[in-house]
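Participant: You'll find target-v3.txt just under this line, and it carries compact mmCIF, C-alpha atoms and all ligand atoms.
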```txt
# COMPACT_ATOMS: atom_id res chain seq x y z
CA MET A 1 1.73 26.03 -16.81
CA LYS A 2 1.29 22.25 -17.14
CA PRO A 3 -1.01 20.82 -14.42
CA ILE A 4 0.89 19.30 -11.49
CA PRO A 5 -0.65 15.97 -10.40
CA TYR A 6 -0.56 14.80 -6.77
CA GLY A 7 1.71 11.92 -7.76
CA ARG A 8 3.33 10.55 -10.87
CA GLN A 9 5.92 8.08 -12.09
CA HIS A 10 9.53 8.88 -12.93
CA ILE A 11 10.86 6.91 -15.92
CA THR A 12 14.55 7.13 -16.86
CA ASP A 13 16.46 6.05 -20.00
CA GLU A 14 17.79 3.16 -17.93
CA ASP A 15 14.20 2.01 -17.23
CA ILE A 16 13.34 2.21 -20.93
CA LYS A 17 16.46 0.28 -21.88
CA SER A 18 15.61 -2.57 -19.51
CA VAL A 19 12.06 -2.85 -20.90
CA VAL A 20 13.29 -2.79 -24.51
CA GLU A 21 15.73 -5.59 -23.67
CA VAL A 22 12.78 -7.77 -22.65
CA LEU A 23 10.89 -6.89 -25.82
CA ARG A 24 13.85 -8.18 -27.84
CA SER A 25 14.20 -11.33 -25.71
CA ASP A 26 12.51 -14.75 -25.86
CA PHE A 27 10.08 -14.18 -23.00
CA LEU A 28 7.53 -11.42 -22.58
CA THR A 29 6.01 -13.30 -19.65
CA GLN A 30 6.91 -16.36 -17.51
CA GLY A 31 10.61 -15.73 -18.23
CA PRO A 32 13.59 -14.92 -16.00
CA ARG A 33 12.77 -11.31 -15.16
CA VAL A 34 9.93 -12.09 -12.75
CA PRO A 35 12.02 -14.26 -10.36
CA GLU A 36 14.82 -11.68 -10.64
CA PHE A 37 12.44 -8.95 -9.52
CA GLU A 38 11.05 -11.13 -6.73
CA GLN A 39 14.51 -11.90 -5.40
CA ALA A 40 15.67 -8.28 -5.52
CA PHE A 41 12.47 -7.13 -3.81
CA ALA A 42 12.62 -9.80 -1.08
CA GLU A 43 16.24 -8.85 -0.40
CA TYR A 44 15.38 -5.16 -0.25
CA CYS A 45 12.61 -5.75 2.31
CA GLY A 46 14.56 -8.36 4.24
CA SER A 47 11.92 -11.04 3.72
CA GLU A 48 12.43 -14.70 2.82
CA TYR A 49 10.02 -14.83 -0.14
CA ALA A 50 8.36 -12.47 -2.59
CA VAL A 51 5.60 -13.30 -5.06
CA ALA A 52 5.04 -10.91 -7.97
CA VAL A 53 1.45 -10.50 -9.11
CA SER A 54 -0.59 -8.48 -11.59
CA ASN A 55 -1.55 -5.68 -9.17
CA GLY A 56 -1.89 -4.78 -5.50
CA THR A 57 -5.56 -5.76 -5.37
CA ALA A 58 -4.74 -9.23 -6.73
CA ALA A 59 -2.03 -9.40 -4.03
CA LEU A 60 -4.67 -8.78 -1.34
CA HIS A 61 -7.06 -11.31 -2.88
CA LEU A 62 -4.32 -13.96 -3.01
CA CYS A 63 -3.46 -13.29 0.65
CA ALA A 64 -7.12 -13.86 1.57
CA LEU A 65 -7.20 -17.10 -0.46
CA ALA A 66 -3.88 -18.36 0.93
CA LEU A 67 -5.09 -17.70 4.49
CA GLY A 68 -8.31 -19.60 3.79
CA VAL A 69 -10.62 -16.63 4.36
CA GLY A 70 -14.24 -17.49 3.66
CA PRO A 71 -17.89 -16.56 4.34
CA GLY A 72 -18.59 -16.06 8.03
CA ASP A 73 -15.07 -14.77 8.72
CA ILE A 74 -14.55 -11.20 9.89
CA VAL A 75 -11.53 -9.17 8.80
CA ILE A 76 -10.63 -5.81 10.36
CA THR A 77 -9.08 -2.93 8.44
CA THR A 78 -8.90 0.86 8.69
CA PRO A 79 -11.46 3.22 7.16
CA ILE A 80 -8.66 5.49 5.90
CA THR A 81 -7.34 3.46 3.01
CA PHE A 82 -8.04 2.67 -0.61
CA VAL A 83 -11.10 0.40 -0.97
CA ALA A 84 -8.90 -2.47 -2.19
CA SER A 85 -7.64 -3.14 1.38
CA ALA A 86 -11.17 -4.27 2.25
CA ASN A 87 -12.26 -5.62 -1.14
CA GLY A 88 -9.49 -8.23 -1.38
CA PHE A 89 -11.08 -10.03 1.60
CA ARG A 90 -14.68 -9.39 0.49
CA TYR A 91 -13.90 -11.36 -2.70
CA CYS A 92 -13.63 -14.41 -0.42
CA GLY A 93 -16.90 -13.59 1.33
CA ALA A 94 -15.48 -12.14 4.55
CA GLU A 95 -17.37 -9.45 6.44
CA ILE A 96 -15.32 -6.30 6.81
CA MET A 97 -15.13 -4.62 10.19
CA PHE A 98 -13.36 -1.30 10.60
CA CYS A 99 -11.19 -0.01 13.42
CA ASP A 100 -10.93 3.78 13.74
CA ILE A 101 -7.65 5.65 13.25
CA ASP A 102 -5.34 7.33 15.70
CA PRO A 103 -6.01 11.04 14.99
CA GLN A 104 -2.28 11.81 15.26
CA THR A 105 -0.78 9.15 12.94
CA LYS A 106 -3.97 8.43 10.89
CA LEU A 107 -3.08 4.73 11.21
CA MET A 108 -5.27 2.00 12.68
CA ASP A 109 -5.42 2.64 16.43
CA ALA A 110 -4.05 -0.37 18.35
CA ASP A 111 -5.88 0.63 21.55
CA LYS A 112 -9.22 0.80 19.75
CA LEU A 113 -8.43 -2.52 18.10
CA GLU A 114 -7.82 -4.09 21.48
CA GLN A 115 -11.23 -2.83 22.68
CA ILE A 116 -12.91 -4.37 19.62
CA LEU A 117 -11.15 -7.70 20.11
CA ALA A 118 -11.84 -7.80 23.84
CA ALA A 119 -15.54 -7.06 23.27
CA ASP A 120 -15.97 -9.60 20.44
CA THR A 121 -18.50 -12.31 21.18
CA THR A 122 -18.77 -13.78 17.67
CA GLY A 123 -15.43 -15.59 17.63
CA ARG A 124 -15.40 -14.94 13.89
CA ILE A 125 -12.63 -12.31 13.71
CA LYS A 126 -9.80 -14.00 11.79
CA GLY A 127 -7.31 -11.31 10.89
CA ILE A 128 -6.30 -7.68 10.68
CA VAL A 129 -5.17 -5.58 7.75
CA PRO A 130 -3.32 -2.52 9.03
CA VAL A 131 -2.28 -0.03 6.34
CA ASP A 132 0.96 1.97 6.19
CA PHE A 133 -1.13 4.97 5.21
CA ALA A 134 0.59 7.75 3.23
CA GLY A 135 3.91 5.94 3.75
CA LEU A 136 4.02 5.96 7.56
CA PRO A 137 4.64 2.39 8.73
CA VAL A 138 2.33 0.88 11.34
CA ASP A 139 3.94 -0.39 14.54
CA THR A 140 3.38 -4.03 13.67
CA GLU A 141 5.06 -5.15 16.91
CA LYS A 142 2.03 -3.81 18.81
CA PHE A 143 -0.40 -5.45 16.39
CA ARG A 144 1.50 -8.76 16.61
CA ALA A 145 1.01 -8.85 20.36
CA LEU A 146 -2.75 -8.46 19.86
CA ALA A 147 -2.82 -10.92 16.96
CA ASP A 148 -1.05 -13.55 19.08
CA LYS A 149 -3.34 -12.94 22.04
CA TYR A 150 -6.47 -13.38 19.91
CA GLY A 151 -5.18 -15.94 17.39
CA LEU A 152 -5.29 -13.69 14.32
CA TRP A 153 -3.17 -13.29 11.22
CA ILE A 154 -1.77 -9.94 10.01
CA VAL A 155 -1.71 -8.83 6.38
CA GLU A 156 0.14 -5.52 6.24
CA ASP A 157 -0.99 -3.32 3.36
CA ALA A 158 2.28 -1.54 2.52
CA CYS A 159 1.18 -0.30 -0.91
CA HIS A 160 2.18 3.20 0.26
CA ALA A 161 5.34 2.22 2.02
CA PRO A 162 8.09 0.16 0.40
CA GLY A 163 11.30 1.23 2.15
CA ALA A 164 9.52 2.61 5.23
CA TYR A 165 10.63 1.42 8.65
CA PHE A 166 10.07 1.86 12.36
CA THR A 167 12.21 0.92 15.36
CA ASP A 168 10.81 -1.82 17.60
CA SER A 169 11.06 -2.05 21.39
CA ARG A 170 14.41 -3.85 21.09
CA GLY A 171 15.87 -1.08 18.96
CA GLU A 172 15.72 -3.19 15.79
CA ILE A 173 14.89 -1.45 12.48
CA ILE A 174 11.76 -3.07 11.03
CA TYR A 175 11.23 -2.54 7.29
CA SER A 176 7.77 -2.74 5.75
CA GLY A 177 7.59 -6.08 4.02
CA SER A 178 10.24 -7.73 6.22
CA ASN A 179 7.38 -9.60 7.93
CA ARG A 180 9.21 -9.50 11.21
CA TYR A 181 5.76 -9.12 12.82
CA SER A 182 3.34 -9.55 9.89
CA ASP A 183 2.37 -12.82 8.19
CA LEU A 184 2.10 -11.31 4.75
CA THR A 185 2.75 -7.85 3.28
CA VAL A 186 1.36 -6.47 0.03
CA PHE A 187 2.70 -3.80 -2.33
CA SER A 188 1.42 -2.09 -5.49
CA PHE A 189 3.36 -0.97 -8.56
CA HIS A 190 0.70 1.31 -9.99
CA PRO A 191 2.45 4.38 -11.48
CA VAL A 192 1.27 6.65 -8.69
CA LYS A 193 3.09 4.47 -6.11
CA HIS A 194 6.85 4.40 -5.43
CA ILE A 195 7.77 1.75 -7.99
CA ALA A 196 5.99 1.93 -11.34
CA ALA A 197 5.53 -1.24 -13.36
CA GLY A 198 2.48 -0.04 -15.34
CA GLU A 199 0.38 -2.29 -13.14
CA GLY A 200 1.85 -4.75 -10.70
CA GLY A 201 1.97 -5.99 -7.15
CA MET A 202 4.05 -8.03 -4.73
CA ILE A 203 3.45 -10.14 -1.65
CA THR A 204 6.28 -10.84 0.79
CA THR A 205 6.29 -13.52 3.49
CA ASN A 206 8.62 -15.65 5.62
CA ASN A 207 6.17 -18.55 5.71
CA PRO A 208 7.02 -21.35 3.20
CA GLU A 209 3.48 -22.84 3.23
CA LEU A 210 1.89 -19.49 2.45
CA TYR A 211 4.55 -18.90 -0.21
CA ASN A 212 3.74 -22.20 -1.97
CA LYS A 213 0.03 -21.49 -1.77
CA LEU A 214 0.48 -18.01 -3.25
CA THR A 215 2.59 -19.17 -6.20
CA SER A 216 0.09 -21.91 -7.00
CA LEU A 217 -2.97 -19.64 -6.75
CA ARG A 218 -1.26 -16.95 -8.85
CA SER A 219 -1.25 -19.31 -11.83
CA HIS A 220 -4.48 -21.36 -11.97
CA GLY A 221 -3.54 -23.67 -9.09
CA ILE A 222 -1.35 -25.51 -11.58
CA THR A 223 1.80 -27.38 -10.53
CA LYS A 224 4.57 -29.16 -12.41
CA ASN A 225 6.30 -30.13 -9.17
CA PRO A 226 6.52 -33.99 -9.18
CA ASP A 227 6.25 -34.03 -5.37
CA LEU A 228 2.85 -32.33 -5.54
CA MET A 229 1.35 -34.35 -8.43
CA SER A 230 -0.67 -37.59 -8.13
CA LYS A 231 1.15 -39.11 -11.15
CA ASN A 232 3.42 -38.07 -14.00
CA ASP A 233 2.56 -38.96 -17.61
CA GLY A 234 5.61 -37.26 -19.12
CA GLY A 235 7.42 -34.00 -19.80
CA TRP A 236 4.23 -32.21 -20.84
CA TYR A 237 2.32 -33.24 -17.74
CA TYR A 238 0.97 -30.82 -15.12
CA GLU A 239 -1.87 -30.92 -12.65
CA MET A 240 -4.35 -28.34 -11.51
CA THR A 241 -4.77 -29.09 -7.82
CA GLU A 242 -6.88 -26.16 -6.70
CA LEU A 243 -8.91 -23.33 -8.24
CA GLY A 244 -6.42 -20.53 -8.91
CA TYR A 245 -6.31 -17.42 -11.07
CA ASN A 246 -4.15 -15.78 -13.69
CA TYR A 247 -2.66 -13.05 -11.51
CA ARG A 248 0.81 -13.16 -13.09
CA LEU A 249 3.12 -10.22 -13.66
CA THR A 250 4.79 -10.03 -17.09
CA ASP A 251 8.55 -9.92 -17.70
CA ILE A 252 8.06 -6.50 -19.30
CA GLN A 253 6.61 -5.17 -16.04
CA ALA A 254 9.14 -7.02 -13.89
CA ALA A 255 12.05 -5.46 -15.82
CA LEU A 256 10.61 -1.99 -15.26
CA GLY A 257 9.99 -2.78 -11.59
CA THR A 258 13.54 -4.07 -11.06
CA SER A 259 15.01 -0.99 -12.69
CA GLN A 260 12.80 1.29 -10.58
CA LEU A 261 13.65 -0.60 -7.37
CA LYS A 262 17.29 0.43 -7.84
CA ARG A 263 16.25 4.05 -7.38
CA LEU A 264 13.85 3.49 -4.47
CA GLU A 265 16.25 4.70 -1.75
CA GLU A 266 17.02 7.84 -3.71
CA SER A 267 13.33 8.49 -4.34
CA ILE A 268 12.39 8.05 -0.66
CA ASN A 269 15.12 10.49 0.32
CA ARG A 270 13.80 13.01 -2.16
CA ARG A 271 10.24 12.52 -0.87
CA ASN A 272 11.45 13.18 2.68
CA GLU A 273 13.26 16.29 1.49
CA ILE A 274 10.07 17.56 -0.18
CA ALA A 275 8.02 16.84 2.97
CA ALA A 276 10.50 18.74 5.14
CA PHE A 277 10.40 21.63 2.68
CA TYR A 278 6.59 21.83 2.76
CA ASN A 279 6.52 21.43 6.56
CA SER A 280 8.91 24.27 7.13
CA ALA A 281 7.08 26.59 4.71
CA PHE A 282 3.66 25.86 6.24
CA SER A 283 4.86 26.10 9.84
CA VAL A 284 4.14 29.85 9.80
CA ASN A 285 0.42 29.27 9.17
CA ASP A 286 -1.35 27.75 12.16
CA ARG A 287 -4.44 26.81 10.11
CA ILE A 288 -2.37 24.21 8.28
CA VAL A 289 -1.66 20.98 10.15
CA THR A 290 1.30 19.25 8.49
CA SER A 291 2.67 15.69 8.51
CA SER A 292 4.70 14.83 11.60
CA PHE A 293 8.13 13.24 11.58
CA TYR A 294 8.63 10.52 14.23
CA GLU A 295 11.80 9.44 16.00
CA GLY A 296 13.20 6.15 14.70
CA VAL A 297 10.69 6.03 11.85
CA ARG A 298 11.24 6.47 8.14
CA ASN A 299 8.10 7.62 6.35
CA ALA A 300 8.12 6.61 2.66
CA PHE A 301 5.85 9.63 1.93
CA HIS A 302 3.67 8.17 -0.78
CA LEU A 303 1.41 11.12 0.05
CA TYR A 304 2.01 14.49 1.63
CA VAL A 305 -1.20 15.36 3.48
CA VAL A 306 -2.16 18.64 5.11
CA GLU A 307 -5.25 19.09 7.26
CA VAL A 308 -7.07 22.40 6.90
CA PRO A 309 -10.56 23.48 8.02
CA GLU A 310 -11.22 25.13 4.61
CA ARG A 311 -10.23 22.01 2.64
CA ASN A 312 -12.97 22.21 -0.03
CA GLU A 313 -12.16 25.84 -0.88
CA LEU A 314 -8.41 25.15 -0.98
CA TYR A 315 -8.99 22.13 -3.24
CA GLU A 316 -11.03 24.28 -5.67
CA TYR A 317 -8.50 27.10 -5.60
CA LEU A 318 -5.53 24.83 -6.27
CA HIS A 319 -7.34 23.04 -9.11
CA LYS A 320 -8.16 26.42 -10.72
CA ASN A 321 -4.44 27.03 -10.55
CA HIS A 322 -3.62 23.66 -12.16
CA ILE A 323 -2.37 22.07 -8.96
CA LEU A 324 -4.20 18.76 -8.82
CA ALA A 325 -4.35 18.20 -5.07
CA GLN A 326 -6.41 15.14 -4.09
CA VAL A 327 -8.33 13.77 -1.12
CA HIS A 328 -7.12 10.50 0.45
CA TYR A 329 -9.39 8.92 1.40
CA ILE A 330 -13.15 8.98 1.53
CA PRO A 331 -13.55 6.62 4.52
CA VAL A 332 -14.25 3.14 3.17
CA HIS A 333 -17.23 2.58 5.50
CA ARG A 334 -18.91 5.63 3.88
CA MET A 335 -18.87 3.97 0.45
CA PRO A 336 -22.45 3.06 -0.52
CA TYR A 337 -21.38 -0.58 -0.95
CA TYR A 338 -20.13 -0.83 2.65
CA GLY A 339 -23.09 1.27 3.80
CA LYS A 340 -25.26 -1.67 2.72
CA GLN A 341 -23.42 -3.74 5.33
CA GLY A 342 -24.84 -1.37 7.94
CA TYR A 343 -22.11 1.23 8.38
CA LYS A 344 -23.19 4.86 8.71
CA GLU A 345 -21.97 8.36 9.38
CA GLY A 346 -20.58 8.76 12.88
CA ASP A 347 -19.38 5.15 13.21
CA PHE A 348 -15.70 6.12 13.04
CA PRO A 349 -15.44 9.75 14.14
CA CYS A 350 -11.64 10.13 13.92
CA ALA A 351 -11.60 8.90 10.32
CA GLU A 352 -14.58 11.09 9.39
CA ASN A 353 -13.12 14.15 11.04
CA TYR A 354 -9.83 13.60 9.24
CA TYR A 355 -11.63 13.16 5.90
CA LYS A 356 -13.26 16.61 6.24
CA LYS A 357 -9.86 18.33 6.45
CA CYS A 358 -7.33 16.27 4.51
CA LEU A 359 -5.73 17.32 1.25
CA SER A 360 -2.81 15.60 -0.49
CA LEU A 361 -0.47 18.10 -2.11
CA PRO A 362 1.76 17.03 -5.02
CA MET A 363 4.42 14.60 -3.79
CA PHE A 364 6.69 12.69 -6.18
CA PRO A 365 10.47 12.54 -6.63
CA ALA A 366 10.52 14.30 -10.00
CA LEU A 367 8.80 17.38 -8.51
CA THR A 368 11.22 20.29 -9.04
CA ASP A 369 12.16 22.86 -6.41
CA ALA A 370 10.54 25.50 -8.64
CA GLU A 371 7.28 23.54 -8.70
CA ILE A 372 7.34 23.10 -4.91
CA GLY A 373 7.92 26.84 -4.53
CA HIS A 374 5.01 27.49 -6.88
CA ILE A 375 2.67 25.18 -4.93
CA ILE A 376 3.62 26.80 -1.62
CA GLU A 377 3.08 30.25 -3.09
CA LYS A 378 -0.40 29.29 -4.33
CA VAL A 379 -1.35 27.91 -0.92
CA PHE A 380 -0.24 31.19 0.68
CA ASN A 381 -2.07 33.21 -1.97
CA PHE A 382 -5.24 31.32 -1.05
CA TYR A 383 -4.84 32.27 2.61
C1 LIG B 1 -2.96 1.24 -4.58
C2 LIG B 1 -3.42 0.55 -3.38
C3 LIG B 1 -3.93 -0.75 -3.41
C4 LIG B 1 -4.22 -1.50 -4.68
O1 LIG B 1 -3.19 -1.59 -5.57
P1 LIG B 1 -3.48 -1.73 -7.13
O2 LIG B 1 -2.13 -2.10 -7.67
O3 LIG B 1 -3.97 -0.42 -7.63
O4 LIG B 1 -4.47 -2.82 -7.32
C5 LIG B 1 -4.24 -1.36 -2.20
N1 LIG B 1 -4.10 -0.72 -1.04
C6 LIG B 1 -3.66 0.55 -0.98
C7 LIG B 1 -3.51 1.20 0.36
C8 LIG B 1 -3.33 1.22 -2.15
O5 LIG B 1 -2.91 2.50 -2.08
```
Will you turn the file into structure tokens for me?

Facilitator:
Amino acid sequence: MKPIPYGRQHITDEDIKSVVEVLRSDFLTQGPRVPEFEQAFAEYCGSEYAVAVSNGTAALHLCALALGVGPGDIVITTPITFVASANGFRYCGAEIMFCDIDPQTKLMDADKLEQILAADTTGRIKGIVPVDFAGLPVDTEKFRALADKYGLWIVEDACHAPGAYFTDSRGEIIYSGSNRYSDLTVFSFHPVKHIAAGEGGMITTNNPELYNKLTSLRSHGITKNPDLMSKNDGGWYYEMTELGYNYRLTDIQAALGTSQLKRLEESINRRNEIAAFYNSAFSVNDRIVTSSFYEGVRNAFHLYVVEVPERNELYEYLHKNHILAQVHYIPVHRMPYYGKQGYKEGDFPCAENYYKKCLSLPMFPALTDAEIGHIIEKVFNFY
């Protein structure tokens, strides 16, 4: 049997057709497909603006730059995330502080965050980066209240959660990336995520100043906008007004992303179906803690995580049986690089305790019912 990965892309003939169209067109990059993708994505999320970039990490870095993050600033994120959530702000010299997770949701714990903010004497905490881990959206309404109280910005890392939503205290449905409560939201289009573009990322915002800053920084800090230039020598003329990067997405990638976005709803529904299937199968074994469903919340289920005391043995057993379960994540503060900043074992006990037990089982829309049955059978064989 072919190994089953924990996640993988789903490419249709329609996707291939839209990429081939670009290859036959005039523009492979800086053409019409990028703004098309941005507009479709902004509309999907319910945000004013979207800025397509080369990957999710570049998206985080651009957010840090646009917000003016620099040395001496402190940025708070969760230990249970991919390292990029922290690194994007480190690139600008910020110190990374972590806030432990809620052991139930595995998301940054708003109560613990409040304790950190209330106890802060440095005055250097500038912003928070909550992560919609595994596809479960953070309650950004709660975080907004704290951010407003302490004068912070919020960058929501929704790389796991396009299409996820929660219901706020007024009964309004709040989509990840709508920026109803966040300043900026970032997404990734790595093939293991919901929308595959090869590599790719997106930032959404409702703030026009941040939007202008992001589009400038994405492409060398160069502008051709007459209003923003000191003079105009002619049609060829442009000015570089700040130090930017080449973090552009290509039209080839944008075409694939746009085509994939059309199937996002369908793919989230399938992911929820798979999660419910796993949950019901594993409910008979009380050693397996499964993912919870929450009222008024749509989980985008980037990952399907179980928590088991015998995680290492189950990982080995499944791999021997060609089921490539994975661990998400090694807590970021336990990475040797962040250890050098002074973090150590025991600093964030909920995250560390979760890490000892977590295992991501295969979760992707193209997973067949037969494969799911096979995975469940192997887990039961192990027990
Ligand atoms: C994938 C991911 C990123 C980085 O995205 P890339 O496109 O791989 O650079 C950032 N944060 C989280 C939570 C991710 O899962």

Participant: Could you check which of A:Leu243, A:Ala197, A:Val289, A:Val332 is closest to Gln9 (chain A), using only C-alpha atoms?

Facilitator: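 Closest to Gln9 (chain A) of all the choices is A:Ala197.
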
Participant: Please report the interatomic distance between CA of Phe348 (chain A) and CA of Ala145 (chain A) in Å with one decimal.

Facilitator: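 Interatomic distance, CA of Phe348 (chain A) to CA of Ala145 (chain A): 23.6 Å.
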
Participant: Please identify every polymer residue within 7 Å of ligand LIG 1 (chain B), using all atoms listed in the file, and present the set as a list in words.

Facilitator: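 Checked against 7 Å with all atoms listed in the file; the hits are Asn55, Gly56, Thr57, Ala58, Thr81, Phe82, Ala84, Ser85, Val131, Phe133, Asp157, Ala158, Cys159, His160, Ser188, Phe189, His190, Glu199, Gly200 and Gly201 of chain A.
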
Participant: My list of candidates is A:Val306, A:Ala164, A:Ala94, A:Ile274. Which is closest to Ile372 (chain A) when distances are computed with only C-alpha atoms?

Facilitator: A:Ile274

Participant: Near Ile330 (chain A), within 10 Å and counting only C-alpha atoms, which residues show up once chain neighbours fewer than 6 positions away are dropped, as a list in words?

Facilitator: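 Close residues of Ile330 (chain A): Pro79, Ile80, Thr81, Phe82, Val83, Ala351, Glu352, Tyr354, Tyr355, Lys356 and Cys358 of chain A.
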
Participant: How would the residues just picked look written out with C-alpha atoms as a PDB file, in the coordinates of the input?

Facilitator:
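Final output, saved to result_18.pdb:
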```pdb
ATOM      1  CA  PRO A  79     -11.460   3.220   7.160  1.00  0.00           C
ATOM      2  CA  ILE A  80      -8.660   5.490   5.900  1.00  0.00           C
ATOM      3  CA  THR A  81      -7.340   3.460   3.010  1.00  0.00           C
ATOM      4  CA  PHE A  82      -8.040   2.670  -0.610  1.00  0.00           C
ATOM      5  CA  VAL A  83     -11.100   0.400  -0.970  1.00  0.00           C
ATOM      6  CA  ALA A 351     -11.600   8.900  10.320  1.00  0.00           C
ATOM      7  CA  GLU A 352     -14.580  11.090   9.390  1.00  0.00           C
ATOM      8  CA  TYR A 354      -9.830  13.600   9.240  1.00  0.00           C
ATOM      9  CA  TYR A 355     -11.630  13.160   5.900  1.00  0.00           C
ATOM     10  CA  LYS A 356     -13.260  16.610   6.240  1.00  0.00           C
ATOM     11  CA  CYS A 358      -7.330  16.270   4.510  1.00  0.00           C
TER      12      CYS A 358
END
```

Participant: Name the residues in contact with Thr215 (chain A) at a cut-off of 10 Å, using all atoms listed in the file, excluding same-chain residues fewer than 3 positions from it; report them as a PyMOL selection string.

Facilitator: chain A and resi 50-53+62+66+210-212+218-223+244+247-248

Participant: How would the residues just chosen look if you wrote them out with C-alpha atoms as a PDB file, keeping the file's coordinate frame?

Facilitator:
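Below you can see part.pdb, which holds the result:
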```pdb
ATOM      1  CA  ALA A  50       8.360 -12.470  -2.590  1.00  0.00           C
ATOM      2  CA  VAL A  51       5.600 -13.300  -5.060  1.00  0.00           C
ATOM      3  CA  ALA A  52       5.040 -10.910  -7.970  1.00  0.00           C
ATOM      4  CA  VAL A  53       1.450 -10.500  -9.110  1.00  0.00           C
ATOM      5  CA  LEU A  62      -4.320 -13.960  -3.010  1.00  0.00           C
ATOM      6  CA  ALA A  66      -3.880 -18.360   0.930  1.00  0.00           C
ATOM      7  CA  LEU A 210       1.890 -19.490   2.450  1.00  0.00           C
ATOM      8  CA  TYR A 211       4.550 -18.900  -0.210  1.00  0.00           C
ATOM      9  CA  ASN A 212       3.740 -22.200  -1.970  1.00  0.00           C
ATOM     10  CA  ARG A 218      -1.260 -16.950  -8.850  1.00  0.00           C
ATOM     11  CA  SER A 219      -1.250 -19.310 -11.830  1.00  0.00           C
ATOM     12  CA  HIS A 220      -4.480 -21.360 -11.970  1.00  0.00           C
ATOM     13  CA  GLY A 221      -3.540 -23.670  -9.090  1.00  0.00           C
ATOM     14  CA  ILE A 222      -1.350 -25.510 -11.580  1.00  0.00           C
ATOM     15  CA  THR A 223       1.800 -27.380 -10.530  1.00  0.00           C
ATOM     16  CA  GLY A 244      -6.420 -20.530  -8.910  1.00  0.00           C
ATOM     17  CA  TYR A 247      -2.660 -13.050 -11.510  1.00  0.00           C
ATOM     18  CA  ARG A 248       0.810 -13.160 -13.090  1.00  0.00           C
TER      19      ARG A 248
END
```

Participant: Record the distance separating CA of Tyr294 (chain A) and CA of Thr185 (chain A), expressed in Å with one decimal.

Facilitator: 22.2 Å

Participant: Taking 6 positions as the minimum chain separation for residues in the same chain, which residues sit within 8 Å of Thr290 (chain A) when counting only C-alpha atoms? Answer as a ChimeraX atom specification.

Facilitator: /A:279,282-283,305-307

Participant: Work out how far apart CA of Ser291 (chain A) and CA of Tyr343 (chain A) are and give it in Å to one decimal.

Facilitator: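 Here the two named atoms are 28.7 Å from each other.
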
Participant: Restricting the calculation to all atoms listed in the file, which member of A:Gly93, A:Pro362, A:Gly123, A:Pro162 is positioned closest to Ala64 (chain A)?

Facilitator: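 Closest to Ala64 (chain A), using all atoms listed in the file: A:Gly93.
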
Participant: For region 21-103 of chain A versus region 113-121 of chain A, which residues have an atom no more than 9 Å away, and what is each residue's nearest atom pair and distance in Å rounded to one decimal, using all atoms listed in the file, chain-then-number order, as a tab-separated table?

Facilitator:
```
residue	atom	partner	partner_atom	distance
A:Ile76	CA	A:Leu113	CA	8.7
A:Cys99	CA	A:Leu113	CA	6.0
A:Asp100	CA	A:Leu113	CA	8.1
```

Participant: Just the residues within 10 Å of Pro32 (chain A), please, counting all atoms listed in the file, with nothing from its chain fewer than 5 positions along; format it as a PyMOL selection string.

Facilitator: chain A and resi 22+26-27+37+251+254-255

Participant: Please determine, counting all atoms listed in the file, which residue among A:Lys193, A:Lys262, A:His302, A:Arg33 has the shortest atom-to-atom distance to Glu14 (chain A).

Facilitator: A:Lys262

Participant: When distances are computed from all atoms listed in the file, which of A:Ile101, A:Ala134, A:Val297, A:Val379 shows the smallest separation from Val327 (chain A)?

Facilitator: A:Ala134

Participant: A:Leu214, A:Met97, A:Leu261, A:Ile154: which is nearest Cys45 (chain A), counting only C-alpha atoms?

Facilitator: A:Leu261

Participant: Excluding Pro5 (chain A) and residues on its chain fewer than 5 positions from it, collect all residues at most 9 Å away from it, counting only C-alpha atoms, and give them as a ChimeraX atom specification.

Facilitator: /A:322-326,361-363
